[in-house]
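Data block below; observations after.
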Amino acid sequence: MTQHSINPAKTNKYSFYPNYQATITMILQRFYNVLLLGLLYSPLISHAESIANQVPTPPTLSARNFILLDFHSDTILMEKGTNERIDPASLTKLMTAYIVFEALKAGRVKLTDEVPISEKAWKMAGSRMYVEVNSRVPLELLIKGMIIQSGNDASVALAEYVSSSEETFVDLMNRKAQALALTNTHYANTTGLPTENHYSTTRDLAYMAKYLIRDFPEYYKYYSEKEFAYNNITQTNRNLLLWRDPTVDGVKTGYTETAGYCLIASAKRGDMRLIGVVMGTAGRTERADENQKMLEYGFRFFETYQLYKAQQTLRNERVWQGEASQIALGLANPLYITIPKGQYAQLGAAIQLNSKIVAPVTAGTTYGRLTVRLANQVITERPIIALTTVATGNWFQQSVDYLWSLW
């Protein structure tokens with residue numbers, strides 16, 4: 001196994017060892033690797049204390065379940081009962097919105113479409129937009145009614161228009177939950193009204209919010225609107241943090257007797273975005289208070305960095321018996337990390353290759369791993385892949401490289 005150290009803290013552009021292109025230089029590199037293997041890779045920071053001791057104790061929350069998730073790195077900064085099945089209440093409507101946004105993006109529906117209001121939609125209990133039966137309402141207004149006013153009538157009307165019936169729409173919701181790996185989530189309706197076999201977890205809800213923000217930034221703007229008027233009735237957004245914190249730009253509240261008062265909130269400060277979920281609080285003010293505690297804790301004591309971009313060349317490596325002598329190696333996806341504030345200088349990383357690379361090489365094939373450490377602790381590992389394809393060389397190239405590989 002070939003290993004090479006790099007240090008993000010000392011090289012902002014994450015430069016690596018120089019490329020060796022000439023055959024003779026490759027021979028010298030081979031000597032170099034044999035002699036110094038084991039010296040190239042060593043503990044990067046051996047004297048630092050554990051990461052857990054570098055930040056203060058998280059605040060105590062009265063919420064029954066909660067999670068604080070970094071949007072980019074997927075680091076969980078606080079959690080309780082993360083995978084416990086819970087009643088998602090109106091937080092269900094995040095998936096309802098996701099399916100509607102997919103239909104908009106695919107061109108199957110338009111914001112200006114006039115949506116017919118069925119008797120079923122009109123009769124929906126709970127939070128309502130107050131649409132009239134047999135009327136037609138622009139689709140965009142129904143989206144606002146579902147998001148800002150948490151209208152159950154709007155949710156059903158949208159589902160019926162996008163998929164012909166709420167039952168068919170719910171099937172799409174469950175299929176999408178599986179596709180997004182929300183494995184502890186199952187939907188039985190589009191509204192979140194309590195019913196059998198309708199559940200989620202705080203973890204799944206946090207990721208549902210992440211995917212909504214990530215996949216539909218053009219529609220996420222609706223979640224920051226503070227009020228909406230329809231049928232001469234003005235209702236305010238129940239997310240109190242939209243008034244308290246200008247960095248909060250969504251996302252959704254919920255309440256049922258079994259779920260208690262719930263809130264998913266997302267805030268963005270600089271390049272860092274956090275998503276907080278609290279479930280089972282005692283009231284509207286409490287759910288805002290508890291979520292705000294989490295967000296403040298995350299922003300005060302942590303910071304997020306993008307270390308590497310997707311498809312960025314992290315190393316050029318020798319290819320044996322190929323039509324080209326070098327291949328670029330890197331990551332399939334961007335790599336973000338979230339670490340305690342003030343610890344960036346203690347970051348270190350190393351590439352470990354499994355073995356020498358022999359053509360043919362297909363782009364996307366894994367040839368090793370990247371390990372990132374903070375102090376003496378591994379904080380993440382990612383597969384190192386070939387970024388390009390290299391075909392097998394001609395008989396002369398194969399023969400020469402084969403002989404050199406034996407040497």
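Residues in the structure tokens are named by chain (A, B, ... in the order shown) and by number from 1 within that chain; ligands are numbered from 1 in the order shown.
Proximity to segment 305-321 of chain A at 6 Å, evaluated using only C-alpha atoms and with sequence-adjacent residues fewer than 2 positions away removed, yields A:Ser325, A:Gln326, A:Ile327, A:Ala328, A:Leu329, A:Gly330, A:Leu331, A:Ala332, A:Asn333, A:Pro334, A:Leu335, A:Tyr336, A:Ile337, A:Ile357, A:Val358, A:Ala359, A:Gly393, A:Gln397, A:Gln398, A:Asp401.
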Could you pull out the alpha helix (DSSP H) residues of segment 79-170 of chain A from DSSP and send them as a compact mmCIF listing (two decimals) with all heavy atoms, in the first residue's frame?
```
# COMPACT_ATOMS: atom_id res chain seq x y z
N LYS A 93 -45.29 17.77 5.30
CA LYS A 93 -45.49 18.60 4.11
C LYS A 93 -44.18 18.95 3.40
O LYS A 93 -44.21 19.44 2.27
CB LYS A 93 -46.26 19.87 4.46
CG LYS A 93 -47.69 19.61 4.94
CD LYS A 93 -48.43 20.92 5.17
CE LYS A 93 -49.87 20.68 5.58
NZ LYS A 93 -50.03 20.39 7.02
N LEU A 94 -43.03 18.69 4.05
CA LEU A 94 -41.77 18.87 3.33
C LEU A 94 -41.69 17.91 2.16
O LEU A 94 -41.26 18.28 1.06
CB LEU A 94 -40.58 18.65 4.26
CG LEU A 94 -40.35 19.67 5.37
CD1 LEU A 94 -39.05 19.35 6.10
CD2 LEU A 94 -40.29 21.08 4.81
N MET A 95 -42.09 16.66 2.38
CA MET A 95 -42.08 15.70 1.27
C MET A 95 -43.19 16.01 0.27
O MET A 95 -42.99 15.86 -0.94
CB MET A 95 -42.23 14.28 1.79
CG MET A 95 -42.23 13.22 0.69
SD MET A 95 -40.71 13.18 -0.32
CE MET A 95 -39.69 12.06 0.65
N THR A 96 -44.33 16.46 0.75
CA THR A 96 -45.39 16.87 -0.18
C THR A 96 -44.88 17.96 -1.11
O THR A 96 -45.07 17.90 -2.34
CB THR A 96 -46.61 17.38 0.61
OG1 THR A 96 -47.01 16.40 1.56
CG2 THR A 96 -47.77 17.69 -0.32
N ALA A 97 -44.20 18.94 -0.54
CA ALA A 97 -43.63 20.01 -1.35
C ALA A 97 -42.56 19.48 -2.29
O ALA A 97 -42.49 19.89 -3.47
CB ALA A 97 -43.04 21.09 -0.45
N TYR A 98 -41.74 18.55 -1.82
CA TYR A 98 -40.67 18.00 -2.66
C TYR A 98 -41.24 17.37 -3.93
O TYR A 98 -40.73 17.60 -5.03
CB TYR A 98 -39.88 16.96 -1.86
CG TYR A 98 -38.58 16.52 -2.51
CD1 TYR A 98 -37.37 17.06 -2.11
CD2 TYR A 98 -38.58 15.58 -3.53
CE1 TYR A 98 -36.17 16.67 -2.70
CE2 TYR A 98 -37.39 15.17 -4.14
CZ TYR A 98 -36.20 15.73 -3.72
OH TYR A 98 -35.02 15.34 -4.32
N ILE A 99 -42.30 16.60 -3.80
CA ILE A 99 -42.90 15.94 -4.97
C ILE A 99 -43.50 16.97 -5.92
O ILE A 99 -43.38 16.85 -7.15
CB ILE A 99 -43.95 14.92 -4.53
CG1 ILE A 99 -43.34 13.86 -3.60
CG2 ILE A 99 -44.58 14.25 -5.74
CD1 ILE A 99 -42.23 13.05 -4.21
N VAL A 100 -44.14 18.00 -5.36
CA VAL A 100 -44.69 19.07 -6.21
C VAL A 100 -43.57 19.80 -6.94
O VAL A 100 -43.66 20.09 -8.14
CB VAL A 100 -45.53 20.05 -5.37
CG1 VAL A 100 -45.95 21.26 -6.22
CG2 VAL A 100 -46.75 19.36 -4.78
N PHE A 101 -42.48 20.10 -6.24
CA PHE A 101 -41.35 20.78 -6.86
C PHE A 101 -40.73 19.92 -7.97
O PHE A 101 -40.28 20.45 -9.00
CB PHE A 101 -40.29 21.13 -5.82
CG PHE A 101 -40.75 22.12 -4.78
CD1 PHE A 101 -40.10 22.23 -3.55
CD2 PHE A 101 -41.82 22.97 -5.02
CE1 PHE A 101 -40.51 23.14 -2.61
CE2 PHE A 101 -42.25 23.89 -4.06
CZ PHE A 101 -41.59 23.96 -2.85
N GLU A 102 -40.67 18.62 -7.76
CA GLU A 102 -40.17 17.74 -8.81
C GLU A 102 -41.04 17.85 -10.06
O GLU A 102 -40.52 17.90 -11.19
CB GLU A 102 -40.17 16.29 -8.33
CG GLU A 102 -38.93 15.85 -7.61
CD GLU A 102 -38.81 14.35 -7.51
OE1 GLU A 102 -39.85 13.66 -7.46
OE2 GLU A 102 -37.67 13.84 -7.49
N ALA A 103 -42.35 17.88 -9.87
CA ALA A 103 -43.27 17.99 -11.01
C ALA A 103 -43.07 19.32 -11.72
O ALA A 103 -43.12 19.40 -12.96
CB ALA A 103 -44.71 17.83 -10.53
N LEU A 104 -42.84 20.39 -10.97
CA LEU A 104 -42.57 21.70 -11.57
C LEU A 104 -41.28 21.68 -12.37
O LEU A 104 -41.22 22.15 -13.51
CB LEU A 104 -42.48 22.77 -10.48
CG LEU A 104 -43.79 23.29 -9.89
CD1 LEU A 104 -43.55 24.06 -8.61
CD2 LEU A 104 -44.53 24.16 -10.91
N LYS A 105 -40.24 21.12 -11.79
CA LYS A 105 -38.94 21.09 -12.44
C LYS A 105 -38.98 20.26 -13.72
O LYS A 105 -38.30 20.58 -14.70
CB LYS A 105 -37.90 20.51 -11.48
CG LYS A 105 -36.47 20.91 -11.81
CD LYS A 105 -35.54 20.61 -10.63
CE LYS A 105 -34.16 21.18 -10.86
NZ LYS A 105 -33.28 20.99 -9.68
N ALA A 106 -39.79 19.20 -13.71
CA ALA A 106 -39.89 18.33 -14.88
C ALA A 106 -40.84 18.90 -15.94
O ALA A 106 -40.92 18.36 -17.05
CB ALA A 106 -40.37 16.94 -14.46
N GLU A 119 -64.07 18.42 -3.22
CA GLU A 119 -64.77 18.44 -1.94
C GLU A 119 -63.89 17.87 -0.83
O GLU A 119 -63.91 18.35 0.31
CB GLU A 119 -66.08 17.65 -2.04
CG GLU A 119 -66.92 17.75 -0.78
CD GLU A 119 -68.29 17.10 -0.95
OE1 GLU A 119 -68.61 16.65 -2.06
OE2 GLU A 119 -69.03 17.06 0.06
N LYS A 120 -63.11 16.85 -1.15
CA LYS A 120 -62.21 16.26 -0.16
C LYS A 120 -61.21 17.30 0.34
O LYS A 120 -60.99 17.43 1.56
CB LYS A 120 -61.46 15.08 -0.76
CG LYS A 120 -60.44 14.46 0.19
CD LYS A 120 -59.67 13.31 -0.45
CE LYS A 120 -58.62 12.77 0.53
NZ LYS A 120 -57.85 11.63 -0.04
N ALA A 121 -60.61 18.05 -0.58
CA ALA A 121 -59.65 19.08 -0.18
C ALA A 121 -60.33 20.15 0.65
O ALA A 121 -59.81 20.59 1.69
CB ALA A 121 -58.99 19.68 -1.41
N TRP A 122 -61.48 20.58 0.22
CA TRP A 122 -62.22 21.65 0.89
C TRP A 122 -62.59 21.26 2.33
O TRP A 122 -62.60 22.09 3.23
CB TRP A 122 -63.47 21.96 0.08
CG TRP A 122 -64.44 22.90 0.74
CD1 TRP A 122 -64.23 24.19 1.07
CD2 TRP A 122 -65.78 22.57 1.14
NE1 TRP A 122 -65.36 24.72 1.65
CE2 TRP A 122 -66.33 23.75 1.70
CE3 TRP A 122 -66.57 21.44 1.05
CZ2 TRP A 122 -67.62 23.80 2.20
CZ3 TRP A 122 -67.87 21.48 1.54
CH2 TRP A 122 -68.39 22.65 2.11
N LEU A 139 -51.66 27.29 -8.93
CA LEU A 139 -50.82 26.32 -8.22
C LEU A 139 -49.84 27.02 -7.28
O LEU A 139 -49.60 26.53 -6.16
CB LEU A 139 -50.08 25.46 -9.23
CG LEU A 139 -49.28 24.28 -8.67
CD1 LEU A 139 -49.43 23.05 -9.55
CD2 LEU A 139 -47.80 24.64 -8.54
N GLU A 140 -49.28 28.14 -7.69
CA GLU A 140 -48.33 28.83 -6.82
C GLU A 140 -48.97 29.28 -5.52
O GLU A 140 -48.34 29.23 -4.45
CB GLU A 140 -47.70 30.02 -7.53
CG GLU A 140 -46.61 30.70 -6.69
CD GLU A 140 -45.86 31.78 -7.43
OE1 GLU A 140 -46.42 32.36 -8.37
OE2 GLU A 140 -44.70 32.05 -7.04
N LEU A 141 -50.23 29.73 -5.58
CA LEU A 141 -50.92 30.14 -4.36
C LEU A 141 -51.15 28.96 -3.43
O LEU A 141 -51.06 29.09 -2.20
CB LEU A 141 -52.24 30.83 -4.70
CG LEU A 141 -52.15 32.14 -5.48
CD1 LEU A 141 -53.51 32.79 -5.62
CD2 LEU A 141 -51.16 33.10 -4.82
N LEU A 142 -51.44 27.80 -4.00
CA LEU A 142 -51.60 26.61 -3.18
C LEU A 142 -50.29 26.22 -2.51
O LEU A 142 -50.28 25.76 -1.36
CB LEU A 142 -52.13 25.45 -4.02
CG LEU A 142 -53.59 25.56 -4.47
CD1 LEU A 142 -53.92 24.45 -5.46
CD2 LEU A 142 -54.54 25.49 -3.27
N ILE A 143 -49.18 26.38 -3.22
CA ILE A 143 -47.87 26.10 -2.61
C ILE A 143 -47.64 27.02 -1.41
O ILE A 143 -47.23 26.58 -0.34
CB ILE A 143 -46.74 26.28 -3.65
CG1 ILE A 143 -46.79 25.15 -4.68
CG2 ILE A 143 -45.38 26.32 -2.97
CD1 ILE A 143 -45.81 25.30 -5.82
N LYS A 144 -47.95 28.30 -1.59
CA LYS A 144 -47.80 29.24 -0.47
C LYS A 144 -48.74 28.89 0.67
O LYS A 144 -48.36 28.96 1.85
CB LYS A 144 -48.05 30.66 -0.95
CG LYS A 144 -46.97 31.20 -1.87
CD LYS A 144 -47.22 32.67 -2.21
CE LYS A 144 -46.09 33.25 -3.05
NZ LYS A 144 -46.28 34.69 -3.32
N GLY A 145 -49.97 28.50 0.33
CA GLY A 145 -50.91 28.12 1.38
C GLY A 145 -50.45 26.89 2.14
O GLY A 145 -50.65 26.79 3.36
N MET A 146 -49.83 25.95 1.45
CA MET A 146 -49.33 24.73 2.11
C MET A 146 -48.12 25.04 2.98
O MET A 146 -47.99 24.51 4.10
CB MET A 146 -48.95 23.69 1.06
CG MET A 146 -48.31 22.45 1.64
SD MET A 146 -47.85 21.22 0.40
CE MET A 146 -46.59 22.11 -0.52
N ILE A 147 -47.22 25.91 2.51
CA ILE A 147 -45.96 26.17 3.22
C ILE A 147 -46.14 27.22 4.31
O ILE A 147 -45.75 27.01 5.46
CB ILE A 147 -44.88 26.61 2.22
CG1 ILE A 147 -44.50 25.44 1.30
CG2 ILE A 147 -43.66 27.16 2.95
CD1 ILE A 147 -43.56 25.81 0.18
N ASN A 152 -53.85 22.15 5.13
CA ASN A 152 -54.13 20.77 4.76
C ASN A 152 -54.97 20.70 3.49
O ASN A 152 -54.82 19.78 2.68
CB ASN A 152 -54.84 20.05 5.90
CG ASN A 152 -53.95 19.89 7.12
OD1 ASN A 152 -52.73 19.80 7.00
ND2 ASN A 152 -54.55 19.88 8.30
N ASP A 153 -55.86 21.67 3.31
CA ASP A 153 -56.68 21.72 2.10
C ASP A 153 -55.79 21.94 0.87
O ASP A 153 -55.97 21.30 -0.17
CB ASP A 153 -57.77 22.79 2.20
CG ASP A 153 -57.27 24.15 2.67
OD1 ASP A 153 -56.05 24.29 2.94
OD2 ASP A 153 -58.11 25.08 2.79
N ALA A 154 -54.80 22.82 1.00
CA ALA A 154 -53.89 23.09 -0.11
C ALA A 154 -53.05 21.85 -0.43
O ALA A 154 -52.80 21.55 -1.60
CB ALA A 154 -52.97 24.27 0.23
N SER A 155 -52.61 21.13 0.61
CA SER A 155 -51.79 19.93 0.40
C SER A 155 -52.55 18.89 -0.41
O SER A 155 -52.00 18.29 -1.35
CB SER A 155 -51.38 19.34 1.75
OG SER A 155 -50.64 20.26 2.50
N VAL A 156 -53.80 18.64 -0.05
CA VAL A 156 -54.60 17.63 -0.76
C VAL A 156 -54.90 18.09 -2.18
O VAL A 156 -54.83 17.29 -3.13
CB VAL A 156 -55.89 17.32 0.02
CG1 VAL A 156 -56.81 16.42 -0.80
CG2 VAL A 156 -55.55 16.67 1.35
N ALA A 157 -55.21 19.37 -2.36
CA ALA A 157 -55.50 19.88 -3.70
C ALA A 157 -54.28 19.72 -4.61
O ALA A 157 -54.40 19.31 -5.78
CB ALA A 157 -55.93 21.34 -3.62
N LEU A 158 -53.11 20.02 -4.10
CA LEU A 158 -51.88 19.85 -4.88
C LEU A 158 -51.64 18.39 -5.23
O LEU A 158 -51.28 18.06 -6.36
CB LEU A 158 -50.68 20.40 -4.11
CG LEU A 158 -50.57 21.93 -4.03
CD1 LEU A 158 -49.57 22.35 -2.95
CD2 LEU A 158 -50.18 22.52 -5.38
N ALA A 159 -51.83 17.52 -4.25
CA ALA A 159 -51.62 16.09 -4.48
C ALA A 159 -52.56 15.55 -5.55
O ALA A 159 -52.15 14.80 -6.43
CB ALA A 159 -51.80 15.32 -3.17
N GLU A 160 -53.80 15.94 -5.48
CA GLU A 160 -54.78 15.47 -6.46
C GLU A 160 -54.47 15.98 -7.86
O GLU A 160 -54.65 15.27 -8.85
CB GLU A 160 -56.19 15.91 -6.04
CG GLU A 160 -56.70 15.20 -4.79
CD GLU A 160 -58.05 15.70 -4.32
OE1 GLU A 160 -58.39 16.87 -4.63
OE2 GLU A 160 -58.76 14.93 -3.66
N TYR A 161 -53.95 17.20 -7.94
CA TYR A 161 -53.65 17.76 -9.26
C TYR A 161 -52.39 17.14 -9.86
O TYR A 161 -52.34 16.82 -11.05
CB TYR A 161 -53.46 19.28 -9.15
CG TYR A 161 -53.26 19.95 -10.49
CD1 TYR A 161 -54.30 20.02 -11.41
CD2 TYR A 161 -52.03 20.50 -10.83
CE1 TYR A 161 -54.12 20.63 -12.65
CE2 TYR A 161 -51.83 21.11 -12.06
CZ TYR A 161 -52.88 21.17 -12.97
OH TYR A 161 -52.70 21.77 -14.20
N VAL A 162 -51.37 16.93 -9.04
CA VAL A 162 -50.10 16.40 -9.53
C VAL A 162 -50.22 14.92 -9.88
O VAL A 162 -49.62 14.44 -10.85
CB VAL A 162 -48.98 16.63 -8.50
CG1 VAL A 162 -47.72 15.86 -8.87
CG2 VAL A 162 -48.66 18.12 -8.39
N SER A 163 -51.03 14.17 -9.09
CA SER A 163 -51.03 12.71 -9.25
C SER A 163 -52.41 12.08 -9.38
O SER A 163 -52.54 10.87 -9.24
CB SER A 163 -50.31 12.06 -8.06
OG SER A 163 -48.98 12.47 -8.00
N GLU A 166 -54.85 11.62 -3.86
CA GLU A 166 -53.92 11.69 -2.75
C GLU A 166 -53.22 10.35 -2.53
O GLU A 166 -52.04 10.30 -2.19
CB GLU A 166 -54.63 12.13 -1.46
CG GLU A 166 -53.65 12.34 -0.31
CD GLU A 166 -54.32 12.76 0.99
OE1 GLU A 166 -55.55 12.59 1.12
OE2 GLU A 166 -53.59 13.24 1.89
N GLU A 167 -53.95 9.25 -2.75
CA GLU A 167 -53.37 7.93 -2.54
C GLU A 167 -52.19 7.69 -3.49
O GLU A 167 -51.15 7.17 -3.08
CB GLU A 167 -54.43 6.85 -2.74
CG GLU A 167 -55.54 6.84 -1.70
CD GLU A 167 -56.53 7.98 -1.86
OE1 GLU A 167 -56.61 8.54 -2.98
OE2 GLU A 167 -57.21 8.33 -0.87
N THR A 168 -52.34 8.07 -4.74
CA THR A 168 -51.25 7.92 -5.71
C THR A 168 -50.07 8.82 -5.34
O THR A 168 -48.91 8.42 -5.43
CB THR A 168 -51.74 8.25 -7.12
OG1 THR A 168 -52.82 7.39 -7.46
CG2 THR A 168 -50.63 8.09 -8.15
N PHE A 169 -50.38 10.01 -4.88
CA PHE A 169 -49.35 10.95 -4.48
C PHE A 169 -48.56 10.40 -3.28
O PHE A 169 -47.34 10.51 -3.23
CB PHE A 169 -49.98 12.30 -4.12
CG PHE A 169 -48.99 13.43 -3.97
CD1 PHE A 169 -48.68 14.25 -5.04
CD2 PHE A 169 -48.39 13.68 -2.74
CE1 PHE A 169 -47.77 15.30 -4.90
CE2 PHE A 169 -47.49 14.71 -2.58
CZ PHE A 169 -47.18 15.53 -3.67
N VAL A 170 -49.26 9.80 -2.33
CA VAL A 170 -48.60 9.22 -1.16
C VAL A 170 -47.65 8.10 -1.57
O VAL A 170 -46.56 7.94 -1.00
CB VAL A 170 -49.64 8.72 -0.14
CG1 VAL A 170 -48.98 7.86 0.94
CG2 VAL A 170 -50.36 9.90 0.50
```
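Every residue of segment 85-255 of chain A found in strand (DSSP E or B) when DSSP is run on the backbone appears here: A:Ile86, A:Glu114, A:Val115, A:Pro116, A:Arg136, A:Val137, A:Pro138, A:His186, A:Tyr199, A:Ser200, A:Glu227, A:Phe228, A:Ala229, A:Tyr230, A:Ile233, A:Thr234, A:Gln235, A:Thr236, A:Val248, A:Asp249, A:Gly250, A:Val251, A:Lys252, A:Thr253, A:Gly254, A:Tyr255.
Among A:Gly298, A:Gly270, A:Pro138, A:Gly260, the residue with the shortest atom-to-atom distance to Glu79 of chain A, counting only C-alpha atoms, is A:Gly298.
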Which neighbours of Asn231 of chain A fall inside 9 Å, counting only C-alpha atoms, when residues of the same chain fewer than 4 positions from it are skipped, and could you give them as a PyMOL selection string? chain A and resi 129-132
Writing out the chosen residues with C-alpha atoms as a PDB file, in the first residue's frame:
```pdb
ATOM      1  CA  MET A 129     -55.829  27.935   3.528  1.00  0.00           C
ATOM      2  CA  TYR A 130     -59.640  28.291   3.200  1.00  0.00           C
ATOM      3  CA  VAL A 131     -60.034  27.415  -0.459  1.00  0.00           C
ATOM      4  CA  GLU A 132     -63.581  27.077  -1.812  1.00  0.00           C
TER       5      GLU A 132
END
```
